[in-house]
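The structure appears right after this line, and notes come after that.
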Amino acid sequence: QVQLVESGGGLVQAGGSLRLSCAASGRTFSIYAMGWFRQAPGKEREFVAAISWNVGRTYYAESVQGRFTISRDNAKNTVYLQMNSLKPEDTGVYYCAASSTSWPFLKATIMASSSYDYWGQGTQVTVSS
């Protein structure tokens with residue numbers, strides 16, 4: 001089992017920045033990839049970004065490309081999401097996810113929530129206009 005705890009959410013004005021953190025514990029040696037998803041009120045959960053744990057390959061949703069950066073610190077078992085130039089449409093609950101199953105690091109598998117085995121409780125991000 002892998003446990004995930006997110007932190008760093010909050011209220012920020014449009015154009016501002018936030019950095020989310022996700023600390024993993026438990027069987028962290030089994031992690032293959034980690035990702036961030038978000039869910040806005042009344043909408044389905046959507047993919048934001050992902051990173052492969054050992055190699056550090058990254059992938060982003062088009063809506064955040066160039067504004068968000070995902071990174072990881074293997075020594076701390078932590079993944080980060082640096083969010084810059086935030087927009088009101090970035091508002092939502094941000095969830096950290098981890099996969100202990102290897103799969104092709106391709107768009108279809110990276111973006112599917114079903115590819116991830118473990119989920120955090122989420123952290124609220126609110127961007128005011």
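Numbering starts fresh at 1 for the residues of each chain in the structure tokens, the chains themselves are lettered A, B, ... in the order given, and ligands are numbered from 1 as they appear.
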Give me, as number ranges by chain, the residues of chain A that a backbone DSSP run labels strand (DSSP E or B).
A: 2-7, 10-13, 18-26, 33-39, 46-52, 58-60, 68-73, 78-83, 92-99, 118-119, 123-128
Please provide the set of residues having any atom within 12 Å of A:Trp36, restricted to only C-alpha atoms, with same-chain residues fewer than 6 positions apart removed, written as number ranges by chain.
A: 4, 6, 20-22, 45-51, 58-61, 64, 68-71, 79-83, 92-99, 110-113, 116, 118-123
Please determine, counting only C-alpha atoms, which residue among A:Ser25, A:Ala40, A:Ser85, A:Ser102 has the shortest atom-to-atom distance to A:Asn54.
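Closest candidate: A:Ser102.
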What are the DSSP helix (DSSP H, G or I) residues of stretch 27-103 of chain A, as a PDB file with N, CA, C and O atoms, in the first residue's frame?
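Result went into part33.pdb, see below:
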ATOM      1  N   THR A  28       6.747   2.837  -1.073  1.00  0.00           N
ATOM      2  CA  THR A  28       7.120   3.825  -2.084  1.00  0.00           C
ATOM      3  C   THR A  28       8.067   3.268  -3.132  1.00  0.00           C
ATOM      4  O   THR A  28       8.153   3.791  -4.240  1.00  0.00           O
ATOM      5  N   PHE A  29       8.764   2.186  -2.801  1.00  0.00           N
ATOM      6  CA  PHE A  29       9.676   1.581  -3.769  1.00  0.00           C
ATOM      7  C   PHE A  29       8.923   1.010  -4.958  1.00  0.00           C
ATOM      8  O   PHE A  29       9.493   0.748  -6.010  1.00  0.00           O
ATOM      9  N   SER A  30       7.625   0.813  -4.793  1.00  0.00           N
ATOM     10  CA  SER A  30       6.821   0.217  -5.861  1.00  0.00           C
ATOM     11  C   SER A  30       6.232   1.254  -6.823  1.00  0.00           C
ATOM     12  O   SER A  30       5.621   0.896  -7.823  1.00  0.00           O
ATOM     13  N   ASN A  74      12.894  12.149  -5.140  1.00  0.00           N
ATOM     14  CA  ASN A  74      12.838  10.738  -4.774  1.00  0.00           C
ATOM     15  C   ASN A  74      13.296  10.498  -3.344  1.00  0.00           C
ATOM     16  O   ASN A  74      12.758   9.627  -2.653  1.00  0.00           O
ATOM     17  N   ALA A  75      14.261  11.274  -2.890  1.00  0.00           N
ATOM     18  CA  ALA A  75      14.777  11.088  -1.532  1.00  0.00           C
ATOM     19  C   ALA A  75      13.706  11.392  -0.491  1.00  0.00           C
ATOM     20  O   ALA A  75      13.690  10.789   0.592  1.00  0.00           O
ATOM     21  N   LYS A  76      12.826  12.320  -0.820  1.00  0.00           N
ATOM     22  CA  LYS A  76      11.762  12.704   0.107  1.00  0.00           C
ATOM     23  C   LYS A  76      10.440  12.020  -0.222  1.00  0.00           C
ATOM     24  O   LYS A  76       9.434  12.269   0.456  1.00  0.00           O
ATOM     25  N   PRO A  88      -8.918  31.576 -13.064  1.00  0.00           N
ATOM     26  CA  PRO A  88     -10.099  31.124 -12.300  1.00  0.00           C
ATOM     27  C   PRO A  88     -10.526  29.707 -12.683  1.00  0.00           C
ATOM     28  O   PRO A  88     -11.005  28.952 -11.814  1.00  0.00           O
ATOM     29  N   GLU A  89     -10.329  29.342 -13.938  1.00  0.00           N
ATOM     30  CA  GLU A  89     -10.722  27.988 -14.367  1.00  0.00           C
ATOM     31  C   GLU A  89      -9.808  26.901 -13.828  1.00  0.00           C
ATOM     32  O   GLU A  89     -10.077  25.710 -14.020  1.00  0.00           O
ATOM     33  N   ASP A  90      -8.740  27.275 -13.136  1.00  0.00           N
ATOM     34  CA  ASP A  90      -7.888  26.283 -12.467  1.00  0.00           C
ATOM     35  C   ASP A  90      -8.438  25.897 -11.095  1.00  0.00           C
ATOM     36  O   ASP A  90      -7.902  25.005 -10.442  1.00  0.00           O
TER      37      ASP A  90
END
Straight-line distance linking atom CA of A:Thr101 with atom CA of A:Ser114, stated in Å to one decimal
11.1 Å
Can you tell me how far atom CA of A:Gly16 sits from atom CA of A:Lys107, in Å to one decimal?
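Going from atom CA of A:Gly16 over to atom CA of A:Lys107 covers 28.4 Å.
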With only C-alpha atoms as the basis for distance, which of A:Thr109, A:Gly15, A:Val127, A:Leu86 is at the shortest distance from A:Gly35?
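The answer is A:Thr109, which sits nearest to A:Gly35.
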Please determine, counting only C-alpha atoms, which residue among A:Ala108, A:Arg38, A:Thr78, A:Trp103 has the shortest atom-to-atom distance to A:Gly9.
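Smallest distance to A:Gly9 is found for A:Arg38.
With only C-alpha atoms taken into account, the protein and nucleic acid residues at most 7 Å from A:Asn77 (excluding it and anything under 3 positions from it in its own chain) are A:Ala23, A:Ala24, A:Asp73, A:Asn74.
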Dump C-alpha atoms for the selected residues as a compact mmCIF listing (two decimals), in the first residue's frame?
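Saved result, again.txt, follows:
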# COMPACT_ATOMS: atom_id res chain seq x y z
CA ALA A 23 4.14 13.13 0.22
CA ALA A 24 4.11 9.38 -0.33
CA ASP A 73 12.18 14.45 -5.03
CA ASN A 74 12.84 10.74 -4.77
